[in-house]
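Visitor: Below is the file upload_35.pdb, which contains PDB, C-alpha atoms.
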ATOM      1  CA  MET A   1     124.620  57.349  91.527
ATOM      2  CA  ALA A   2     128.355  58.042  91.260
ATOM      3  CA  LEU A   3     129.645  59.802  94.351
ATOM      4  CA  ILE A   4     132.921  61.494  95.170
ATOM      5  CA  PHE A   5     134.109  62.031  98.764
ATOM      6  CA  ARG A   6     136.443  64.982  99.319
ATOM      7  CA  THR A   7     137.205  67.854 101.637
ATOM      8  CA  ALA A   8     134.815  70.761 101.408
ATOM      9  CA  MET A   9     135.984  73.973  99.804
ATOM     10  CA  LEU A  10     135.406  77.325 101.470
ATOM     11  CA  SER A  11     133.362  78.437  98.452
ATOM     12  CA  GLU A  12     130.925  75.599  99.269
ATOM     13  CA  GLY A  13     130.416  76.648 102.878
ATOM     14  CA  LYS A  14     126.917  78.071 102.466
ATOM     15  CA  GLU A  15     125.693  74.995 100.556
ATOM     16  CA  VAL A  16     127.253  72.619 103.091
ATOM     17  CA  ALA A  17     125.653  74.586 105.937
ATOM     18  CA  ARG A  18     122.298  74.445 104.142
ATOM     19  CA  ILE A  19     122.466  70.664 103.801
ATOM     20  CA  ILE A  20     123.438  70.243 107.452
ATOM     21  CA  GLY A  21     120.659  72.624 108.513
ATOM     22  CA  ASP A  22     118.033  70.904 106.358
ATOM     23  CA  ALA A  23     119.069  67.453 107.570
ATOM     24  CA  PHE A  24     119.297  68.362 111.258
ATOM     25  CA  THR A  25     116.351  70.754 111.661
ATOM     26  CA  PRO A  26     113.865  67.968 112.532
ATOM     27  CA  TYR A  27     116.223  66.660 115.256
ATOM     28  CA  VAL A  28     117.032  70.111 116.589
ATOM     29  CA  ARG A  29     113.311  70.880 116.852
ATOM     30  CA  ALA A  30     112.605  67.495 118.473
ATOM     31  CA  LEU A  31     115.161  68.522 121.112
ATOM     32  CA  GLY A  32     113.097  71.678 121.711
ATOM     33  CA  ARG A  33     115.600  74.039 120.107
ATOM     34  CA  GLU A  34     116.084  76.080 116.932
ATOM     35  CA  TRP A  35     119.155  76.973 114.895
ATOM     36  CA  PRO A  36     120.498  80.456 115.608
ATOM     37  CA  ALA A  37     119.017  83.014 113.231
ATOM     38  CA  GLU A  38     121.274  84.518 110.595
ATOM     39  CA  GLY A  39     122.487  87.936 111.688
ATOM     40  CA  THR A  40     122.607  87.048 115.397
ATOM     41  CA  PRO A  41     125.861  86.996 117.392
ATOM     42  CA  GLU A  42     125.422  83.234 118.031
ATOM     43  CA  TYR A  43     125.083  82.599 114.277
ATOM     44  CA  ALA A  44     128.180  84.696 113.571
ATOM     45  CA  GLU A  45     130.190  82.781 116.184
ATOM     46  CA  ARG A  46     129.060  79.390 114.838
ATOM     47  CA  TRP A  47     129.805  80.472 111.267
ATOM     48  CA  LYS A  48     133.314  81.554 112.277
ATOM     49  CA  HIS A  49     133.967  78.111 113.809
ATOM     50  CA  PHE A  50     132.488  76.355 110.778
ATOM     51  CA  VAL A  51     134.716  78.312 108.381
ATOM     52  CA  ALA A  52     137.745  77.406 110.526
ATOM     53  CA  GLU A  53     136.759  73.710 110.305
ATOM     54  CA  ILE A  54     136.586  73.944 106.506
ATOM     55  CA  GLU A  55     139.949  75.718 106.374
ATOM     56  CA  ARG A  56     141.527  72.980 108.547
ATOM     57  CA  GLY A  57     140.140  70.304 106.222
ATOM     58  CA  ASP A  58     137.815  68.798 108.840
ATOM     59  CA  VAL A  59     134.642  69.088 106.721
ATOM     60  CA  TYR A  60     133.946  66.579 103.961
ATOM     61  CA  VAL A  61     131.324  66.399 101.253
ATOM     62  CA  ALA A  62     129.693  63.689  99.204
ATOM     63  CA  VAL A  63     129.373  65.061  95.686
ATOM     64  CA  GLU A  64     127.156  63.556  93.024
ATOM     65  CA  GLY A  65     128.256  64.094  89.455
ATOM     66  CA  ASP A  66     125.885  64.090  86.517
ATOM     67  CA  PRO A  67     125.782  65.620  83.019
ATOM     68  CA  GLU A  68     124.332  68.847  84.451
ATOM     69  CA  GLY A  69     127.196  69.277  86.910
ATOM     70  CA  GLU A  70     128.110  68.378  90.435
ATOM     71  CA  ARG A  71     125.983  68.827  93.512
ATOM     72  CA  ILE A  72     126.645  68.215  97.166
ATOM     73  CA  VAL A  73     124.346  65.533  98.583
ATOM     74  CA  GLY A  74     125.975  64.980 101.963
ATOM     75  CA  ALA A  75     128.394  66.516 104.435
ATOM     76  CA  ALA A  76     130.388  65.450 107.468
ATOM     77  CA  ARG A  77     132.048  67.544 110.147
ATOM     78  CA  THR A  78     134.871  65.755 111.936
ATOM     79  CA  LYS A  79     137.290  66.489 114.753
ATOM     80  CA  PRO A  80     140.590  64.638 114.872
ATOM     81  CA  GLN A  81     141.271  63.371 118.381
ATOM     82  CA  GLU A  82     144.466  61.906 119.780
ATOM     83  CA  GLU A  83     143.303  58.305 119.290
ATOM     84  CA  ASP A  84     140.280  58.515 117.002
ATOM     85  CA  LEU A  85     138.308  60.615 114.563
ATOM     86  CA  TYR A  86     135.208  62.161 116.123
ATOM     87  CA  ILE A  87     132.227  62.533 113.796
ATOM     88  CA  ASP A  88     130.613  65.770 114.928
ATOM     89  CA  GLN A  89     127.877  65.696 112.292
ATOM     90  CA  ILE A  90     127.015  63.608 109.279
ATOM     91  CA  ALA A  91     124.193  64.951 107.165
ATOM     92  CA  VAL A  92     122.479  63.866 103.983
ATOM     93  CA  ASP A  93     120.376  66.212 101.880
ATOM     94  CA  PRO A  94     116.766  65.296 102.773
ATOM     95  CA  ALA A  95     116.025  64.608  99.077
ATOM     96  CA  GLN A  96     118.753  61.903  99.169
ATOM     97  CA  GLN A  97     117.999  60.363 102.562
ATOM     98  CA  GLY A  98     117.339  56.637 102.429
ATOM     99  CA  THR A  99     119.433  56.141  99.278
ATOM    100  CA  GLY A 100     122.588  54.877 100.980
ATOM    101  CA  VAL A 101     124.518  58.165 100.946
ATOM    102  CA  GLY A 102     124.886  58.142 104.757
ATOM    103  CA  SER A 103     126.266  54.593 104.769
ATOM    104  CA  TRP A 104     128.579  55.427 101.899
ATOM    105  CA  MET A 105     129.909  58.477 103.766
ATOM    106  CA  LEU A 106     130.454  56.444 106.950
ATOM    107  CA  GLN A 107     132.543  53.992 104.933
ATOM    108  CA  ARG A 108     134.660  56.831 103.499
ATOM    109  CA  ILE A 109     135.175  58.347 106.972
ATOM    110  CA  ASP A 110     136.212  54.916 108.248
ATOM    111  CA  GLU A 111     138.759  54.618 105.410
ATOM    112  CA  LEU A 112     140.052  58.117 106.121
ATOM    113  CA  ALA A 113     140.604  57.402 109.825
ATOM    114  CA  ARG A 114     142.314  54.077 109.092
ATOM    115  CA  ALA A 115     144.596  55.733 106.523
ATOM    116  CA  ARG A 116     145.639  58.217 109.226
ATOM    117  CA  GLY A 117     146.519  55.344 111.546
ATOM    118  CA  LEU A 118     143.850  56.246 114.091
ATOM    119  CA  GLY A 119     142.371  53.694 116.470
ATOM    120  CA  GLY A 120     138.738  54.216 115.558
ATOM    121  CA  LEU A 121     135.766  56.525 115.260
ATOM    122  CA  SER A 122     133.516  58.109 117.872
ATOM    123  CA  LEU A 123     130.281  60.072 117.887
ATOM    124  CA  ILE A 124     127.363  61.206 120.005
ATOM    125  CA  THR A 125     123.764  61.087 118.824
ATOM    126  CA  ALA A 126     120.399  61.800 120.384
ATOM    127  CA  GLU A 127     118.849  58.786 122.089
ATOM    128  CA  MET A 128     115.612  59.549 120.243
ATOM    129  CA  ALA A 129     117.405  59.138 116.874
ATOM    130  CA  VAL A 130     116.767  55.382 116.845
ATOM    131  CA  ALA A 131     117.252  55.012 113.071
ATOM    132  CA  ASN A 132     120.649  56.726 113.295
ATOM    133  CA  ILE A 133     121.720  54.487 116.169
ATOM    134  CA  ARG A 134     120.795  51.417 114.102
ATOM    135  CA  LEU A 135     122.740  52.809 111.115
ATOM    136  CA  TYR A 136     125.841  53.331 113.248
ATOM    137  CA  GLU A 137     125.518  49.858 114.774
ATOM    138  CA  ARG A 138     125.318  48.328 111.273
ATOM    139  CA  HIS A 139     128.643  50.062 110.596
ATOM    140  CA  GLY A 140     130.344  48.540 113.632
ATOM    141  CA  PHE A 141     129.744  51.226 116.261
ATOM    142  CA  GLU A 142     128.981  50.152 119.801
ATOM    143  CA  ILE A 143     127.187  52.074 122.516
ATOM    144  CA  VAL A 144     129.620  52.859 125.315
ATOM    145  CA  ARG A 145     127.298  54.958 127.454
ATOM    146  CA  ARG A 146     124.119  56.972 127.578
ATOM    147  CA  GLY A 147     123.605  60.252 129.370
ATOM    148  CA  LEU A 148     122.998  63.954 129.254
ATOM    149  CA  VAL A 149     125.421  66.263 127.494
ATOM    150  CA  ASP A 150     127.407  68.912 129.304
ATOM    151  CA  HIS A 151     126.115  71.882 127.292
ATOM    152  CA  GLY A 152     122.795  71.858 129.188
ATOM    153  CA  LEU A 153     120.825  73.219 126.212
ATOM    154  CA  ASP A 154     118.222  70.455 126.466
ATOM    155  CA  PRO A 155     117.298  67.600 128.822
ATOM    156  CA  HIS A 156     117.436  64.842 126.196
ATOM    157  CA  PRO A 157     119.831  61.927 126.710
ATOM    158  CA  ARG A 158     122.512  61.155 124.174
ATOM    159  CA  VAL A 159     124.084  57.903 123.088
ATOM    160  CA  TYR A 160     127.896  57.804 123.017
ATOM    161  CA  MET A 161     129.198  55.372 120.404
ATOM    162  CA  VAL A 162     132.619  54.159 119.283
ATOM    163  CA  LYS A 163     134.031  51.956 116.575
ATOM    164  CA  SER A 164     137.428  50.543 117.402
ATOM    165  CA  PHE A 165     139.889  49.454 114.720
ATOM    166  CA  ARG A 166     142.213  47.843 117.217
ATOM    167  CA  VAL A 167     142.096  44.079 117.553
ATOM    168  CA  VAL A 168     142.109  42.949 121.154
ATOM    169  CA  ALA A 169     144.448  39.999 121.655
ATOM    170  CA  SER A 170     142.907  36.917 123.192
ATOM    171  CA  SER A 171     144.221  35.875 126.599
ATOM    172  CA  ALA A 172     143.736  32.183 125.738
ATOM    173  CA  GLU A 173     146.950  30.405 124.809
TER     174      GLU A 173
END
The structure given in the file should be rewritten as structure tokens.
Guide:
Amino acid sequence: MALIFRTAMLSEGKEVARIIGDAFTPYVRALGREWPAEGTPEYAERWKHFVAEIERGDVYVAVEGDPEGERIVGAARTKPQEEDLYIDQIAVDPAQQGTGVGSWMLQRIDELARARGLGGLSLITAEMAVANIRLYERHGFEIVRRGLVDHGLDPHPRVYMVKSFRVVASSAE
């Protein structure tokens, strides 16, 4: 499978949102929540923010090319921070999960952050998402803390993880 990693285009917004929704729905439901329904004020507000993220270039896609054309198989929403790149969401189309697309995208995000001269990556995931935590750990992320999130939408603990690019100098001489 030949993949291309690039910024998402506004014209792809609905497809990117579909992939994120399809990938995250099981987790959202496990947290006791649902996505906002289309046509609701909450949906409209989230869509407005999502479009702004695409316009800023903070949303990336993994595109698979084949003789029948290109199709998006993964997406990542990021937020540049002062010192690192925060991975807000990384999603793989459920039909492609388990094929290495998520690992491949994490590698591309790592390269992107390093090219920008940032000090690392950070993310938050649900404590119940054990497979995701293992994936992130395989890619060099470390758990820095566990706890509830500030939004108060559910009582489920989260795992806060970071991957530092900075080499800590040894104090031994």
Visitor: Please write the residues picked by the PyMOL selection byres ((chain A and resi 145) around 10) on this file as JSON, numbers by chain.
Guide: {"A": [124, 142, 143, 144, 146, 147, 158, 159, 160, 161, 162]}
Visitor: Assuming the chain letters and numbering stay as they are in my file, what does the PyMOL selection byres ((chain A and resi 90-95) around 6) actually select? List them as a list in words.
Guide: Ile19, Ile20, Ala23, Val73, Gly74, Ala75, Ala76, Gln89, Gln96 and Gln97 of chain A
Visitor: When the PyMOL selection byres ((chain A and resi 2) around 8) is applied to the structure above, which residues does it catch, written out as a PDB file with C-alpha atoms, keeping the file's coordinate frame?
Guide:
ATOM      1  CA  MET A   1     124.620  57.349  91.527  1.00  0.00           C
ATOM      2  CA  LEU A   3     129.645  59.802  94.351  1.00  0.00           C
ATOM      3  CA  ILE A   4     132.921  61.494  95.170  1.00  0.00           C
ATOM      4  CA  GLU A  64     127.156  63.556  93.024  1.00  0.00           C
ATOM      5  CA  GLY A  65     128.256  64.094  89.455  1.00  0.00           C
TER       6      GLY A  65
END
Visitor: Which of these residues is nearest to A:Ala131, using only C-alpha atoms: A:Gly102, A:Ala17, A:Glu12, A:Ile109?
Guide: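 The closest residue to A:Ala131 is A:Gly102.
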Visitor: Given the choices A:Asp154, A:Glu83, A:Glu34, A:Glu42, which gets closest to A:Leu121 if the distance is worked out from only C-alpha atoms?
Guide: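 So, comparing all the options, the nearest one is A:Glu83.
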Visitor: From the list A:Glu127, A:Ile72, A:Arg134, A:Arg114, which residue is nearest A:Val101 when using all atoms listed in the file?
Guide: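 Smallest distance to A:Val101 is found for A:Ile72.
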Visitor: Measure the distance from atom CA of A:His139 to atom CA of A:Pro26 in Å and round it to one decimal.
Guide: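 So the answer is 23.3 Å.
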Visitor: Just checking: using only C-alpha atoms, which residue out of A:Ser103, A:Ser164, A:Ala126, A:Lys79 ends up closest to A:Val28?
Guide: A:Ala126
Visitor: Nearest residue to A:Gln81 out of A:Ala44, A:Met105, A:Leu123, A:Val63, using all atoms listed in the file?
Guide: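 Of all the options, A:Leu123 lies closest to A:Gln81.
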Visitor: One decimal, Å: what's the distance from atom CA of A:Arg6 over to atom CA of A:Ala37, could you say?
Guide: 28.7 Å
Visitor: Give me, please, the distance in Å between atom CA of A:Pro80 and atom CA of A:Tyr43, quoted to one decimal.
Guide: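 Answer for the atom CA of A:Pro80 to atom CA of A:Tyr43 separation: 23.7 Å.
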Visitor: Can you list, as a PDB file with C-alpha atoms, in the frame of the given file, every protein, DNA or RNA residue that comes within 7 Å of A:Ile54 when you count all atoms listed in the file, leaving out same-chain residues fewer than 4 positions away?
Guide:
ATOM      1  CA  ALA A   8     134.815  70.761 101.408  1.00  0.00           C
ATOM      2  CA  MET A   9     135.984  73.973  99.804  1.00  0.00           C
ATOM      3  CA  LEU A  10     135.406  77.325 101.470  1.00  0.00           C
ATOM      4  CA  PHE A  50     132.488  76.355 110.778  1.00  0.00           C
ATOM      5  CA  ASP A  58     137.815  68.798 108.840  1.00  0.00           C
ATOM      6  CA  VAL A  59     134.642  69.088 106.721  1.00  0.00           C
TER       7      VAL A  59
END
Visitor: Would you kindly return, as a list in words, each protein, DNA or RNA residue with an atom no farther than 9 Å from any atom of A:Tyr27, considering only C-alpha atoms and excluding same-chain residues fewer than 5 positions away?
Guide: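 The residues satisfying every condition are Gly32, Arg33, Ala126, Met128 and Ala129 of chain A.
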Visitor: For the residues selected in the previous step, produce a file with C-alpha atoms as an mmCIF file, in the coordinates of the input.
Guide:
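What follows is the written file selection-v1.cif:
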data_model
loop_
_atom_site.group_PDB
_atom_site.id
_atom_site.type_symbol
_atom_site.label_atom_id
_atom_site.label_comp_id
_atom_site.auth_asym_id
_atom_site.auth_seq_id
_atom_site.Cartn_x
_atom_site.Cartn_y
_atom_site.Cartn_z
ATOM 1 C CA GLY A 32 113.097 71.678 121.711
ATOM 2 C CA ARG A 33 115.600 74.039 120.107
ATOM 3 C CA ALA A 126 120.399 61.800 120.384
ATOM 4 C CA MET A 128 115.612 59.549 120.243
ATOM 5 C CA ALA A 129 117.405 59.138 116.874
#
Visitor: Give me the box for stretch 23-36 of chain A as JSON, namely the centre and edge lengths in Å to one decimal of a box along x, y and z that holds every listed atom plus 8 Å on each side.
Guide:
{"center_x": 116.6, "center_y": 73.6, "center_z": 114.6, "size_x": 23.9, "size_y": 29.8, "size_z": 30.1}
Visitor: Which residue out of A:Glu70, A:Arg18, A:Thr125, A:Leu31 has the minimum interatomic distance to A:Pro155 when only C-alpha atoms are used?
Guide: A:Leu31
